[in-house]
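Peer 1: Take a look at my_file38.txt, compact mmCIF, C-alpha atoms:
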# COMPACT_ATOMS: atom_id res chain seq x y z
CA MET Q 103 0.00 0.00 0.00
CA LYS Q 104 2.85 2.37 0.88
CA ARG Q 105 4.50 1.67 -2.48
CA LEU Q 106 1.23 2.41 -4.31
CA LEU Q 107 0.87 5.72 -2.46
CA TYR Q 108 4.50 6.53 -3.26
CA LEU Q 109 3.99 5.86 -6.99
CA ILE Q 110 0.84 8.00 -7.02
CA ALA Q 111 2.75 10.82 -5.33
CA VAL Q 112 5.64 10.55 -7.82
CA LEU Q 113 3.22 10.59 -10.76
CA SER Q 114 1.38 13.61 -9.38
CA LEU Q 115 4.67 15.42 -8.79
CA SER Q 116 5.80 14.59 -12.36
CA VAL Q 117 2.60 16.03 -13.85
CA GLU Q 118 2.82 19.12 -11.62
CA MET Q 119 6.48 19.69 -12.54
CA SER Q 120 5.65 19.33 -16.24
CA ALA Q 121 2.94 21.96 -15.99
CA GLN Q 122 5.36 24.18 -14.06
CA ASP Q 123 7.98 23.66 -16.77
CA PHE Q 124 5.56 24.98 -19.37
CA SER Q 125 4.68 28.14 -17.45
CA GLU Q 126 8.34 28.67 -16.52
CA TRP Q 127 9.59 28.63 -20.10
CA PHE Q 128 6.61 29.42 -22.33
CA GLU Q 129 3.74 31.82 -22.83
CA ASP Q 130 0.30 30.47 -23.67
CA ASN Q 131 0.86 31.49 -27.31
CA THR Q 132 2.24 29.84 -30.45
CA LEU Q 133 5.48 30.36 -32.33
CA ARG Q 134 5.12 29.44 -36.00
CA LEU Q 135 8.41 28.66 -37.71
CA ASP Q 136 8.63 28.47 -41.52
CA TYR Q 137 11.40 26.44 -43.16
CA VAL Q 138 12.45 25.25 -46.60
CA PHE Q 139 13.99 21.81 -47.11
CA ALA Q 140 16.11 21.50 -50.24
CA GLY Q 141 18.45 19.09 -51.97
CA ASP Q 142 18.46 15.97 -54.09
CA SER Q 143 18.72 12.21 -53.57
CA ALA Q 144 22.17 12.53 -52.01
CA LYS Q 145 21.96 15.71 -49.95
CA ALA Q 146 19.52 17.61 -47.76
CA GLU Q 147 19.71 21.18 -46.49
CA ILE Q 148 17.47 23.12 -44.09
CA PHE Q 149 16.81 26.85 -44.40
CA PHE Q 150 14.94 29.03 -41.90
CA GLU Q 151 12.61 31.53 -43.54
CA GLN Q 152 10.57 33.45 -40.97
CA ALA Q 153 8.72 33.37 -37.64
CA PHE Q 154 5.23 34.40 -36.52
CA LYS Q 155 3.45 34.80 -33.20
CA GLN Q 156 -0.10 33.49 -32.92
CA GLN Q 157 -2.54 33.74 -30.04
CA GLN Q 158 -3.08 30.66 -27.86
CA TRP Q 159 -1.18 27.39 -27.69
CA ALA Q 160 -3.25 24.35 -28.75
CA GLY Q 161 -0.56 21.72 -28.20
CA ARG Q 162 0.35 19.63 -25.19
CA LYS Q 163 1.60 21.21 -21.96
CA ASN Q 164 2.87 17.99 -20.40
CA ARG Q 165 5.59 15.51 -21.39
CA LEU Q 166 7.17 18.43 -23.24
CA SER Q 167 10.65 16.93 -23.63
CA GLU Q 168 9.37 13.52 -24.84
CA MET Q 169 8.53 12.21 -28.32
CA TYR Q 170 6.13 9.33 -28.89
CA GLN Q 171 8.09 8.19 -31.95
CA SER Q 172 11.03 9.51 -33.92
CA GLY Q 173 9.50 10.11 -37.35
CA ASN Q 174 11.80 11.09 -40.21
CA GLY Q 175 12.62 14.34 -38.47
CA GLN Q 176 12.45 16.17 -35.18
CA VAL Q 177 11.98 19.71 -33.92
CA ARG Q 178 13.52 20.52 -30.54
CA VAL Q 179 13.51 23.69 -28.46
CA TYR Q 180 16.52 24.03 -26.15
CA GLU Q 181 17.40 26.35 -23.34
CA GLN Q 182 19.73 28.70 -25.18
CA GLY Q 183 23.31 27.45 -25.41
CA THR Q 184 22.60 24.15 -23.64
CA ASP Q 185 21.33 20.64 -24.38
CA HIS Q 186 18.38 21.07 -22.01
CA VAL Q 187 15.32 20.15 -24.10
CA LEU Q 188 12.30 22.31 -23.29
CA TYR Q 189 9.98 20.97 -25.99
CA CYS Q 190 10.20 18.48 -28.85
CA ASN Q 191 8.07 16.79 -31.46
CA SER Q 192 8.60 14.52 -34.47
CA PHE Q 193 7.38 14.63 -38.07
CA SER Q 194 7.83 13.33 -41.59
CA THR Q 195 8.08 15.34 -44.79
CA LEU Q 196 7.11 15.19 -48.44
CA PHE Q 197 10.67 16.32 -49.22
CA GLN Q 198 12.12 13.11 -47.78
CA GLU Q 199 9.64 11.02 -49.78
CA TRP Q 200 10.70 12.89 -52.88
CA GLN Q 201 14.36 12.14 -52.17
CA ALA Q 202 13.55 8.45 -52.76
CA THR Q 203 12.25 9.11 -56.29
CA GLU Q 204 14.17 8.86 -59.54
CA GLU Q 205 13.55 12.55 -60.19
CA ALA Q 206 15.68 13.37 -57.13
CA THR Q 207 18.72 11.86 -58.86
CA LYS Q 208 18.39 14.37 -61.71
CA VAL Q 209 17.45 17.71 -60.16
CA LYS Q 210 17.56 19.69 -56.92
CA LYS Q 211 14.25 20.88 -55.48
CA CYS Q 212 12.92 22.62 -52.40
CA PHE Q 213 9.83 22.00 -50.28
CA GLU Q 214 8.08 24.27 -47.78
CA THR Q 215 7.26 23.24 -44.25
CA SER Q 216 6.11 24.91 -41.03
CA TYR Q 217 6.14 23.87 -37.37
CA LEU Q 218 4.37 25.14 -34.29
CA VAL Q 219 6.05 25.28 -30.89
CA PRO Q 220 4.99 27.04 -27.67
CA TYR Q 221 6.07 30.69 -27.56
CA PRO Q 222 9.20 31.08 -25.40
CA LYS Q 223 9.50 33.67 -22.64
CA LYS Q 224 13.19 34.21 -23.37
CA ALA Q 225 15.69 33.38 -26.10
CA VAL Q 226 15.91 29.68 -27.01
CA ASP Q 227 17.66 27.51 -29.57
CA VAL Q 228 15.49 25.67 -32.10
CA CYS Q 229 16.92 22.60 -33.82
CA ILE Q 230 15.45 20.87 -36.88
CA THR Q 231 16.87 17.42 -37.70
CA LEU Q 232 16.23 15.18 -40.71
CA THR Q 233 17.08 11.46 -40.78
CA ASP Q 234 17.20 8.92 -43.61
CA PHE Q 235 15.86 5.37 -44.02
CA HIS Q 236 18.91 4.06 -42.12
CA ASN Q 237 18.03 6.30 -39.15
CA GLN Q 238 21.11 8.42 -39.84
CA VAL Q 239 21.05 12.22 -39.58
CA THR Q 240 21.20 13.81 -43.05
CA ALA Q 241 20.71 17.48 -42.14
CA GLU Q 242 20.46 19.63 -39.03
CA LEU Q 243 19.89 23.31 -38.39
CA ARG Q 244 20.16 24.89 -34.94
CA HIS Q 245 19.41 28.58 -34.59
CA THR Q 246 18.39 31.05 -31.93
CA ILE Q 247 14.94 32.56 -31.59
CA ASP Q 248 14.58 35.69 -29.46
CA PRO Q 249 10.89 36.20 -28.58
CA ASN Q 250 11.51 39.96 -28.56
CA ASP Q 251 12.79 39.98 -32.14
CA ILE Q 252 11.00 42.85 -33.88
CA LEU Q 253 10.77 40.81 -37.10
CA ILE Q 254 8.57 38.11 -35.55
CA ARG Q 255 5.27 39.04 -37.14
CA PRO Q 256 2.13 38.81 -34.93
CA ILE Q 257 -0.77 37.23 -36.81
CA GLY Q 258 -4.37 36.61 -35.88
CA GLU Q 259 -7.61 35.77 -37.59
CA ASN Q 260 -7.47 36.36 -41.34
CA GLY Q 261 -11.17 36.75 -42.13
CA ILE Q 262 -11.64 33.18 -43.40
CA PRO Q 263 -14.78 31.78 -41.73
CA TYR Q 264 -14.62 28.61 -39.68
CA GLN Q 265 -17.05 26.46 -37.72
CA TYR Q 266 -16.54 23.82 -35.07
CA ILE Q 267 -18.06 20.54 -36.24
CA TRP Q 268 -17.24 18.63 -33.06
CA ARG Q 269 -15.99 19.67 -29.63
CA GLY Q 270 -14.69 17.06 -27.23
CA GLY Q 271 -13.44 19.72 -24.80
CA ASP Q 272 -11.28 22.82 -24.63
CA ILE Q 273 -8.15 23.21 -26.75
CA THR Q 274 -5.83 22.45 -23.85
CA SER Q 275 -7.30 19.00 -23.21
CA CYS Q 276 -8.05 17.79 -26.74
CA ILE Q 277 -6.30 17.17 -30.05
CA ASP Q 278 -7.35 19.98 -32.36
CA LEU Q 279 -7.96 18.82 -35.94
CA ALA Q 280 -8.53 21.45 -38.62
CA PHE Q 281 -10.18 20.62 -41.96
CA VAL Q 282 -9.17 23.03 -44.74
CA ALA Q 283 -11.51 23.58 -47.72
CA GLU Q 284 -9.72 22.94 -51.02
CA SER Q 285 -11.23 23.50 -54.49
CA TYR Q 286 -14.56 24.63 -53.03
CA THR Q 287 -15.74 28.03 -54.27
CA ALA Q 288 -17.30 30.53 -51.87
CA GLU Q 289 -20.71 29.41 -53.12
CA GLN Q 290 -19.93 25.77 -52.25
CA MET Q 291 -19.15 26.20 -48.56
CA ASP Q 292 -22.43 24.63 -47.44
CA LYS Q 293 -21.25 21.51 -49.24
CA PHE Q 294 -17.83 21.79 -47.56
CA TYR Q 295 -19.31 21.93 -44.07
CA LYS Q 296 -21.52 18.95 -44.84
CA ASP Q 297 -18.53 17.06 -46.26
CA VAL Q 298 -16.57 17.71 -43.07
CA GLU Q 299 -19.54 16.42 -41.06
CA ARG Q 300 -19.39 13.26 -43.19
CA ALA Q 301 -15.66 12.98 -42.58
CA VAL Q 302 -16.12 13.35 -38.82
CA ASP Q 303 -18.87 10.73 -38.88
CA ALA Q 304 -16.58 8.41 -40.83
CA LEU Q 305 -13.55 8.93 -38.62
CA PHE Q 306 -15.38 8.33 -35.37
CA SER Q 307 -17.26 5.30 -36.65
CA PHE Q 308 -13.99 3.32 -36.69
CA GLU Q 309 -12.36 2.07 -33.50
CA PRO Q 310 -10.37 3.16 -31.65
CA PHE Q 311 -11.42 6.64 -32.78
CA THR Q 312 -15.00 5.93 -31.67
CA SER Q 313 -13.85 5.46 -28.08
CA LEU Q 314 -11.49 8.44 -28.31
CA LYS Q 315 -13.97 10.92 -29.78
CA ASN Q 316 -14.06 13.12 -26.69
CA ARG Q 317 -10.29 13.64 -26.98
CA PHE Q 318 -10.70 15.55 -30.27
CA ASN Q 319 -11.97 18.90 -31.45
CA VAL Q 320 -12.74 19.33 -35.16
CA VAL Q 321 -12.92 22.73 -36.86
CA ALA Q 322 -13.84 23.34 -40.53
CA VAL Q 323 -12.01 26.27 -42.17
CA ALA Q 324 -13.88 27.57 -45.23
CA SER Q 325 -10.98 28.76 -47.39
CA PRO Q 326 -12.51 29.66 -50.80
CA SER Q 327 -11.04 28.68 -54.16
CA THR Q 328 -11.46 30.63 -57.36
CA ASP Q 329 -12.28 27.45 -59.30
CA SER Q 330 -14.31 24.42 -58.31
CA GLY Q 331 -12.80 20.96 -58.50
CA PRO Q 332 -9.32 19.50 -58.30
CA CYS Q 333 -6.15 19.85 -60.35
CA ILE Q 334 -5.55 16.68 -62.41
CA PRO Q 335 -2.28 17.17 -64.29
CA HIS Q 336 -2.44 13.90 -66.27
CA LYS Q 337 -5.68 15.21 -67.78
CA GLY Q 338 -4.28 18.68 -68.32
CA GLU Q 339 -6.74 20.12 -65.78
CA TRP Q 340 -5.33 22.92 -63.64
CA LYS Q 341 -7.49 24.97 -61.28
CA ARG Q 342 -6.97 28.02 -59.07
CA SER Q 343 -7.49 26.61 -55.60
CA ALA Q 344 -6.97 27.67 -52.00
CA VAL Q 345 -3.87 25.59 -51.16
CA ASN Q 346 -2.78 24.35 -54.61
CA SER Q 347 -3.24 20.62 -54.14
CA HIS Q 348 -3.09 18.28 -57.12
CA TYR Q 349 -3.10 14.66 -58.18
CA ASP Q 350 0.00 13.11 -59.83
CA THR Q 351 2.34 13.95 -56.96
CA PHE Q 352 5.68 12.33 -57.85
CA TYR Q 353 3.95 11.33 -61.14
CA SER Q 354 1.67 8.87 -59.31
CA ASP Q 355 -1.82 9.58 -60.63
CA ARG Q 356 -3.63 8.82 -57.37
CA TYR Q 357 -1.21 10.64 -55.04
CA LEU Q 358 -3.20 13.75 -54.06
CA MET Q 359 -1.06 16.22 -52.11
CA THR Q 360 -0.02 19.86 -51.75
CA THR Q 361 3.45 21.35 -51.32
CA ASP Q 362 2.20 24.81 -50.28
CA MET Q 363 2.54 24.31 -46.54
CA HIS Q 364 3.14 27.99 -45.78
CA ARG Q 365 -0.09 28.85 -47.56
CA ILE Q 366 -1.96 26.24 -45.47
CA TYR Q 367 -0.61 27.77 -42.26
CA ASP Q 368 -1.66 31.23 -43.51
CA VAL Q 369 -5.17 29.89 -44.08
CA LEU Q 370 -5.21 28.53 -40.51
CA SER Q 371 -3.99 31.77 -38.95
CA GLY Q 372 -6.07 32.47 -35.84
CA VAL Q 373 -7.44 28.91 -35.61
CA PRO Q 374 -6.13 26.69 -32.78
CA PHE Q 375 -4.92 23.49 -34.42
CA GLU Q 376 -2.45 20.61 -34.12
CA ASN Q 377 -3.33 18.40 -37.08
CA ILE Q 378 -4.29 19.46 -40.61
CA PHE Q 379 -6.68 17.70 -42.97
CA VAL Q 380 -7.05 19.18 -46.47
CA LEU Q 381 -10.41 18.10 -47.90
CA VAL Q 382 -10.45 18.30 -51.69
CA ASN Q 383 -13.72 18.80 -53.56
CA SER Q 384 -13.28 15.82 -55.88
CA SER Q 385 -14.83 12.48 -56.80
CA LEU Q 386 -11.55 11.03 -58.10
CA TYR Q 387 -9.82 8.41 -55.92
CA GLY Q 388 -6.62 9.55 -54.23
CA GLY Q 389 -5.12 10.99 -51.09
CA GLY Q 390 -2.05 11.08 -48.91
CA GLY Q 391 -0.92 11.49 -45.33
CA ILE Q 392 2.40 12.84 -43.98
CA TYR Q 393 2.97 12.31 -40.25
CA ASN Q 394 2.49 15.53 -38.29
CA GLN Q 395 2.41 17.55 -41.50
CA VAL Q 396 -0.80 17.13 -43.50
CA THR Q 397 -3.52 14.66 -44.48
CA VAL Q 398 -5.30 15.00 -47.84
CA ALA Q 399 -8.38 13.17 -49.17
CA PRO Q 400 -11.11 13.72 -51.81
CA SER Q 401 -14.67 14.40 -50.70
CA ASP Q 402 -16.85 12.40 -53.07
CA HIS Q 403 -15.27 9.08 -54.01
CA SER Q 404 -17.24 5.96 -53.10
CA THR Q 405 -14.47 4.94 -50.65
CA PHE Q 406 -14.58 8.31 -48.88
CA ARG Q 407 -15.11 6.88 -45.40
CA GLU Q 408 -12.33 4.33 -45.68
CA VAL Q 409 -9.84 6.76 -47.26
CA VAL Q 410 -10.43 9.42 -44.59
CA VAL Q 411 -9.61 6.97 -41.82
CA HIS Q 412 -6.65 5.35 -43.61
CA GLU Q 413 -4.97 8.64 -44.50
CA PHE Q 414 -5.55 10.05 -41.02
CA GLY Q 415 -3.79 6.94 -39.71
CA HIS Q 416 -0.74 8.21 -41.59
CA GLY Q 417 -1.02 11.92 -40.79
CA PHE Q 418 -1.99 11.65 -37.12
CA ALA Q 419 -0.53 8.38 -35.84
CA GLY Q 420 2.41 7.89 -38.20
CA LEU Q 421 1.17 4.45 -39.27
CA ALA Q 422 2.85 3.02 -42.36
CA ASP Q 423 1.15 1.49 -45.38
CA GLU Q 424 0.98 -2.27 -44.99
CA TYR Q 425 0.41 -3.10 -48.65
CA PHE Q 426 3.20 -3.92 -51.09
CA TYR Q 427 3.82 -4.00 -54.81
CA ASP Q 428 7.61 -3.82 -55.26
CA ASP Q 429 7.70 -1.05 -57.85
CA GLN Q 430 9.40 1.60 -55.73
CA TYR Q 431 12.47 3.26 -57.21
CA THR Q 432 14.26 3.10 -53.84
CA THR Q 433 13.95 0.65 -50.94
CA MET Q 434 12.37 2.66 -48.15
CA TYR Q 435 12.92 0.02 -45.47
CA PRO Q 436 16.49 -1.34 -45.75
CA ALA Q 437 17.39 -4.57 -43.99
CA ASP Q 438 19.91 -2.93 -41.65
CA ALA Q 439 17.49 -0.55 -39.90
CA GLU Q 440 14.30 -0.88 -37.88
CA PRO Q 441 11.50 1.32 -39.26
CA TRP Q 442 10.39 4.11 -36.93
CA GLU Q 443 6.75 3.32 -37.79
CA LYS Q 444 5.34 1.09 -35.07
CA ASN Q 445 3.32 -1.16 -37.41
CA LEU Q 446 6.26 -2.36 -39.52
CA THR Q 447 9.43 -4.28 -38.67
CA THR Q 448 12.51 -5.57 -40.46
CA LEU Q 449 13.17 -7.80 -37.40
CA VAL Q 450 16.29 -5.76 -36.58
CA ASP Q 451 14.69 -4.77 -33.27
CA PHE Q 452 11.36 -6.57 -33.21
CA LYS Q 453 11.24 -6.55 -29.39
CA SER Q 454 10.63 -2.80 -29.58
CA LYS Q 455 7.54 -3.34 -31.72
CA TRP Q 456 4.64 -5.75 -31.10
CA ALA Q 457 6.48 -8.84 -29.81
CA ASP Q 458 4.40 -8.65 -26.61
CA LEU Q 459 1.18 -9.09 -28.64
CA VAL Q 460 2.26 -12.19 -30.58
CA PRO Q 461 0.77 -15.38 -29.10
CA ASN Q 462 3.14 -18.06 -27.87
CA LYS Q 463 4.26 -20.63 -30.44
CA THR Q 464 3.45 -18.29 -33.35
CA LEU Q 465 5.87 -18.85 -36.21
CA ILE Q 466 8.04 -15.87 -37.10
CA PRO Q 467 7.70 -15.04 -39.95
CA THR Q 468 4.04 -16.05 -39.77
CA PRO Q 469 2.61 -17.90 -42.77
CA PRO Q 470 -0.66 -16.42 -44.06
CA ASP Q 471 -3.87 -18.30 -43.28
CA PRO Q 472 -4.83 -19.99 -46.58
CA THR Q 473 -8.52 -20.04 -45.57
CA VAL Q 474 -8.73 -16.24 -45.66
CA PRO Q 475 -10.19 -15.27 -49.06
CA ASN Q 476 -8.45 -12.88 -51.42
CA TYR Q 477 -10.06 -9.49 -50.85
CA ARG Q 478 -9.99 -8.72 -54.58
CA THR Q 479 -12.24 -11.66 -55.37
CA ALA Q 480 -14.31 -11.90 -52.18
CA LYS Q 481 -18.00 -11.46 -52.86
CA THR Q 482 -20.07 -12.96 -50.04
CA ALA Q 483 -20.69 -11.59 -46.55
CA LYS Q 484 -19.04 -14.74 -45.18
CA ASP Q 485 -15.89 -14.03 -47.20
CA LEU Q 486 -15.76 -10.43 -46.01
CA LYS Q 487 -16.24 -11.49 -42.39
CA LYS Q 488 -13.39 -13.98 -42.73
CA ILE Q 489 -11.16 -11.23 -44.12
CA ASN Q 490 -12.09 -8.81 -41.34
CA ASP Q 491 -11.56 -11.49 -38.67
CA ALA Q 492 -8.01 -11.84 -39.96
CA THR Q 493 -7.30 -8.26 -38.84
CA GLN Q 494 -7.39 -9.41 -35.22
CA VAL Q 495 -4.87 -12.26 -35.53
CA VAL Q 496 -1.45 -10.88 -34.58
CA GLY Q 497 1.66 -12.36 -36.12
CA VAL Q 498 4.64 -11.28 -38.21
CA PHE Q 499 3.47 -11.42 -41.83
CA GLU Q 500 5.95 -10.71 -44.60
CA GLY Q 501 5.12 -7.82 -46.92
CA GLY Q 502 4.53 -4.18 -46.08
CA GLY Q 503 5.83 -0.69 -46.71
CA TYR Q 504 5.58 -1.31 -50.48
CA GLN Q 505 8.04 -4.27 -50.24
CA SER Q 506 7.06 -7.93 -50.48
CA LYS Q 507 10.30 -9.16 -48.92
CA GLY Q 508 12.19 -8.23 -45.77
CA VAL Q 509 9.46 -6.06 -44.23
CA TYR Q 510 6.80 -7.46 -41.91
CA ARG Q 511 3.37 -6.29 -40.77
CA PRO Q 512 1.33 -7.28 -37.68
CA ALA Q 513 -1.76 -8.84 -39.29
CA GLN Q 514 -2.72 -10.55 -42.50
CA GLU Q 515 -5.19 -7.74 -43.19
CA CYS Q 516 -5.67 -4.30 -41.62
CA ARG Q 517 -7.23 -0.89 -42.17
CA MET Q 518 -3.73 0.27 -43.12
CA LYS Q 519 -3.54 -2.38 -45.84
CA ILE Q 520 -6.89 -2.61 -47.61
CA ASN Q 521 -10.15 -0.65 -47.81
CA GLU Q 522 -12.22 -3.83 -47.65
CA VAL Q 523 -11.88 -4.18 -43.87
CA LYS Q 524 -13.39 -2.01 -41.16
CA ASP Q 525 -10.94 -2.72 -38.37
CA PHE Q 526 -7.45 -1.69 -37.50
CA CYS Q 527 -5.31 -4.58 -36.31
CA PRO Q 528 -4.49 -4.69 -32.55
CA VAL Q 529 -1.06 -3.11 -33.15
CA CYS Q 530 -2.38 -0.10 -35.10
CA ASN Q 531 -5.22 0.18 -32.58
CA ARG Q 532 -2.70 0.39 -29.76
CA VAL Q 533 -0.60 3.00 -31.57
CA ILE Q 534 -3.61 5.28 -32.10
CA ARG Q 535 -4.62 4.96 -28.44
CA GLU Q 536 -1.09 5.54 -27.17
CA ILE Q 537 -0.40 8.60 -29.30
CA THR Q 538 -3.77 10.09 -28.32
CA ASP Q 539 -2.89 9.51 -24.66
CA PHE Q 540 0.51 11.09 -25.24
CA TYR Q 541 -0.91 14.32 -26.69
CA THR Q 542 -3.75 14.63 -24.17
CA ALA Q 543 -1.88 13.63 -20.99
CA LYS Q 544 -2.85 15.80 -18.01
Output the file's structure as structure tokens, nothing else.

Peer 2:
Amino acid sequence: MKRLLYLIAVLSLSVEMSAQDFSEWFEDNTLRLDYVFAGDSAKAEIFFEQAFKQQQWAGRKNRLSEMYQSGNGQVRVYEQGTDHVLYCNSFSTLFQEWQATEEATKVKKCFETSYLVPYPKKAVDVCITLTDFHNQVTAELRHTIDPNDILIRPIGENGIPYQYIWRGGDITSCIDLAFVAESYTAEQMDKFYKDVERAVDALFSFEPFTSLKNRFNVVAVASPSTDSGPCIPHKGEWKRSAVNSHYDTFYSDRYLMTTDMHRIYDVLSGVPFENIFVLVNSSLYGGGGIYNQVTVAPSDHSTFREVVVHEFGHGFAGLADEYFYDDQYTTMYPADAEPWEKNLTTLVDFKSKWADLVPNKTLIPTPPDPTVPNYRTAKTAKDLKKINDATQVVGVFEGGGYQSKGVYRPAQECRMKINEVKDFCPVCNRVIREITDFYTAK
């Protein structure tokens, strides 16, 4: 009993100290930092562009010096001139995806990005780090931010209307998800708000999001586009839209994404947010999700509900794709490194992944169950049930992260693998719950 009381006291003290750390070092405002990542397949460079001050801080105020997972990059705020971490977070970038393309061997390009950190009370050092598929640092920029710098521009609401679609609580206790209208004209905003309502209904109809609904706030930001409908380069269709998204990202016709991250953050000026979802007014299949950067999906495809949840699994939880087709230009998951994504393994350090969830006597690698029908040919309700049941059987199944060999996933089927199933596997389910707990810890 004494030990239990001691642990409770230590936990309470830890939470109290974390809250004190925030008020000691930070104002209840947001520092927006704009960067440009540039380079080619062999080299990456980081350039600082500008800083802004926004009202309110919507992020976490506890566990400030911790990261749930490493991502492909990290942002850290240090006490100036020391290695004392005051705040940190992880992310992935479209730039690093592009570095793995053939185009990156032929030309140098740059990509915008922005990050939000709590506004410091005194000068701090900010460090941005990028790592490669071998978990090796490829670029790092450390620079000083003085909160009294006269060139830090204060920004507030920009006149773009927004509505809350769902409130689980106040911004300090919930994850704040902002939906941005893309390729909706001013006259189509009623449709946009209804589409966001559909997206919210879809997201929270899938576990574990259903159980976690009260940990989220959802705001719809009605950024108007001049033209209606998406940009489809392979059809020669270019539109004037709010945040310049388009299909054919990296010449993949269904990869729907935007590179105008600074513009997105301008659109969201004055709106408390932590995660961004760009909803594109389109009926064409596509989408994309970059961890802690942006999630993009079309509004009117028949698989809308499934795509919204799958892509948010990428953008919010950092879950990797579990399908494979072996036509990538570069191997994204080399045999000598353990993926940072918690739903893939190369077996380099499997104990750090889902080894605790694998039943005793399970073969590793785990052979697929031959009685589970192929989802492409399944037609009956019995077949679909058998496929969905397979999402709950944890093993170490070969194939994932676009590679059929050397990469392993937790279940034969999963929400992160195919649209034909409703459920996340137990591993992805746990990741979503854990990362939600991490960001909403009190």

Peer 1: Using only C-alpha atoms, determine which residues lie at most 9 Å from Q:Asn521, disregarding the query and same-chain residues fewer than 2 positions distant; provide the list as a list of chain:residue names.

Peer 2: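 In the requested form, the answer reads Q:Thr405, Q:Glu408, Q:Val409, Q:His412, Q:Cys516, Q:Arg517, Q:Met518, Q:Lys519, Q:Val523, Q:Lys524.
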
Peer 1: Between atom CA of Q:Ala280 and atom CA of Q:Ile392, what is the spacing in Å?

Peer 2: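 These atoms are spaced 14.9 Å apart.
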
Peer 1: Between atom CA of Q:Ser216 and atom CA of Q:Asn394, what is the distance, to one decimal in Å?

Peer 2: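 Calculated distance between atom CA of Q:Ser216 and atom CA of Q:Asn394 is 10.4 Å.
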
Peer 1: Do you know which residues are at most 8 Å from Q:His416 counting only C-alpha atoms, after dropping those on the same chain fewer than 6 positions away, and could you put them as a PyMOL selection string?

Peer 2: chain Q and resi 390-393+397+422-423

Peer 1: Using all atoms listed in the file, determine which residues lie at most 8 Å from Q:Val410, disregarding the query and same-chain residues fewer than 6 positions distant; provide the list as a PyMOL selection string.

Peer 2: chain Q and resi 301+304-305+399

Peer 1: Dump C-alpha atoms for the selected residues as a PDB file, in the frame of the given file?

Peer 2:
ATOM      1  CA  ALA Q 301     -15.660  12.980 -42.580  1.00  0.00           C
ATOM      2  CA  ALA Q 304     -16.580   8.410 -40.830  1.00  0.00           C
ATOM      3  CA  LEU Q 305     -13.550   8.930 -38.620  1.00  0.00           C
ATOM      4  CA  ALA Q 399      -8.380  13.170 -49.170  1.00  0.00           C
TER       5      ALA Q 399
END

Peer 1: From the options Q:Ser125, Q:Thr538, Q:Gln182, Q:Thr207, which residue's atoms come nearest to Q:Gly415, counting only C-alpha atoms?

Peer 2: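 When distances to Q:Gly415 are compared using only C-alpha atoms, the smallest one comes from Q:Thr538.
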
Peer 1: Please list as a list in words every residue within 10 Å of Q:Phe235, counting only C-alpha atoms and excluding residues in the same chain fewer than 3 positions away.

Peer 2: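 My reading of the contact set: Asn174, Gln198, Ala202, Gln238, Val239, Thr433, Met434, Tyr435, Pro436, Asp438, Ala439, Glu440, Pro441 and Trp442 of chain Q.
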
Peer 1: For Q:Gln514, work out the shell of residues within 12 Å, counting only C-alpha atoms and skipping chain neighbours fewer than 4 positions away, then give it as a JSON list (two decimals) with C-alpha atoms, in the frame of the given file.

Peer 2:
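Listed below is the output, result38.json:
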[["chain", "number", "residue", "atom", "x", "y", "z"],
["Q", 424, "GLU", "CA", 0.98, -2.27, -44.99],
["Q", 425, "TYR", "CA", 0.41, -3.10, -48.65],
["Q", 467, "PRO", "CA", 7.70, -15.04, -39.95],
["Q", 468, "THR", "CA", 4.04, -16.05, -39.77],
["Q", 469, "PRO", "CA", 2.61, -17.90, -42.77],
["Q", 470, "PRO", "CA", -0.66, -16.42, -44.06],
["Q", 471, "ASP", "CA", -3.87, -18.30, -43.28],
["Q", 472, "PRO", "CA", -4.83, -19.99, -46.58],
["Q", 473, "THR", "CA", -8.52, -20.04, -45.57],
["Q", 474, "VAL", "CA", -8.73, -16.24, -45.66],
["Q", 475, "PRO", "CA", -10.19, -15.27, -49.06],
["Q", 476, "ASN", "CA", -8.45, -12.88, -51.42],
["Q", 477, "TYR", "CA", -10.06, -9.49, -50.85],
["Q", 488, "LYS", "CA", -13.39, -13.98, -42.73],
["Q", 489, "ILE", "CA", -11.16, -11.23, -44.12],
["Q", 490, "ASN", "CA", -12.09, -8.81, -41.34],
["Q", 491, "ASP", "CA", -11.56, -11.49, -38.67],
["Q", 492, "ALA", "CA", -8.01, -11.84, -39.96],
["Q", 493, "THR", "CA", -7.30, -8.26, -38.84],
["Q", 494, "GLN", "CA", -7.39, -9.41, -35.22],
["Q", 495, "VAL", "CA", -4.87, -12.26, -35.53],
["Q", 496, "VAL", "CA", -1.45, -10.88, -34.58],
["Q", 497, "GLY", "CA", 1.66, -12.36, -36.12],
["Q", 498, "VAL", "CA", 4.64, -11.28, -38.21],
["Q", 499, "PHE", "CA", 3.47, -11.42, -41.83],
["Q", 500, "GLU", "CA", 5.95, -10.71, -44.60],
["Q", 501, "GLY", "CA", 5.12, -7.82, -46.92],
["Q", 502, "GLY", "CA", 4.53, -4.18, -46.08],
["Q", 510, "TYR", "CA", 6.80, -7.46, -41.91],
["Q", 518, "MET", "CA", -3.73, 0.27, -43.12],
["Q", 519, "LYS", "CA", -3.54, -2.38, -45.84],
["Q", 520, "ILE", "CA", -6.89, -2.61, -47.61],
["Q", 523, "VAL", "CA", -11.88, -4.18, -43.87],
["Q", 526, "PHE", "CA", -7.45, -1.69, -37.50],
["Q", 527, "CYS", "CA", -5.31, -4.58, -36.31],
["Q", 528, "PRO", "CA", -4.49, -4.69, -32.55]]

Peer 1: Compile a residue-level contact table for stretch 155-242 of chain Q against stretch 366-375 of chain Q at a cut-off of 8 Å, reporting for every qualifying residue the shortest atom pair and its distance in Å to one decimal, with only C-alpha atoms counted, rows ordered by chain and ascending number, as CSV.

Peer 2:
residue,atom,partner,partner_atom,distance
Q:Gln156,CA,Q:Gly372,CA,6.7
Q:Gln157,CA,Q:Gly372,CA,6.9
Q:Gln158,CA,Q:Pro374,CA,7.0
Q:Trp159,CA,Q:Pro374,CA,7.1
Q:Ala160,CA,Q:Pro374,CA,5.5
Q:Gly161,CA,Q:Phe375,CA,7.8
Q:Ser216,CA,Q:Tyr367,CA,7.4
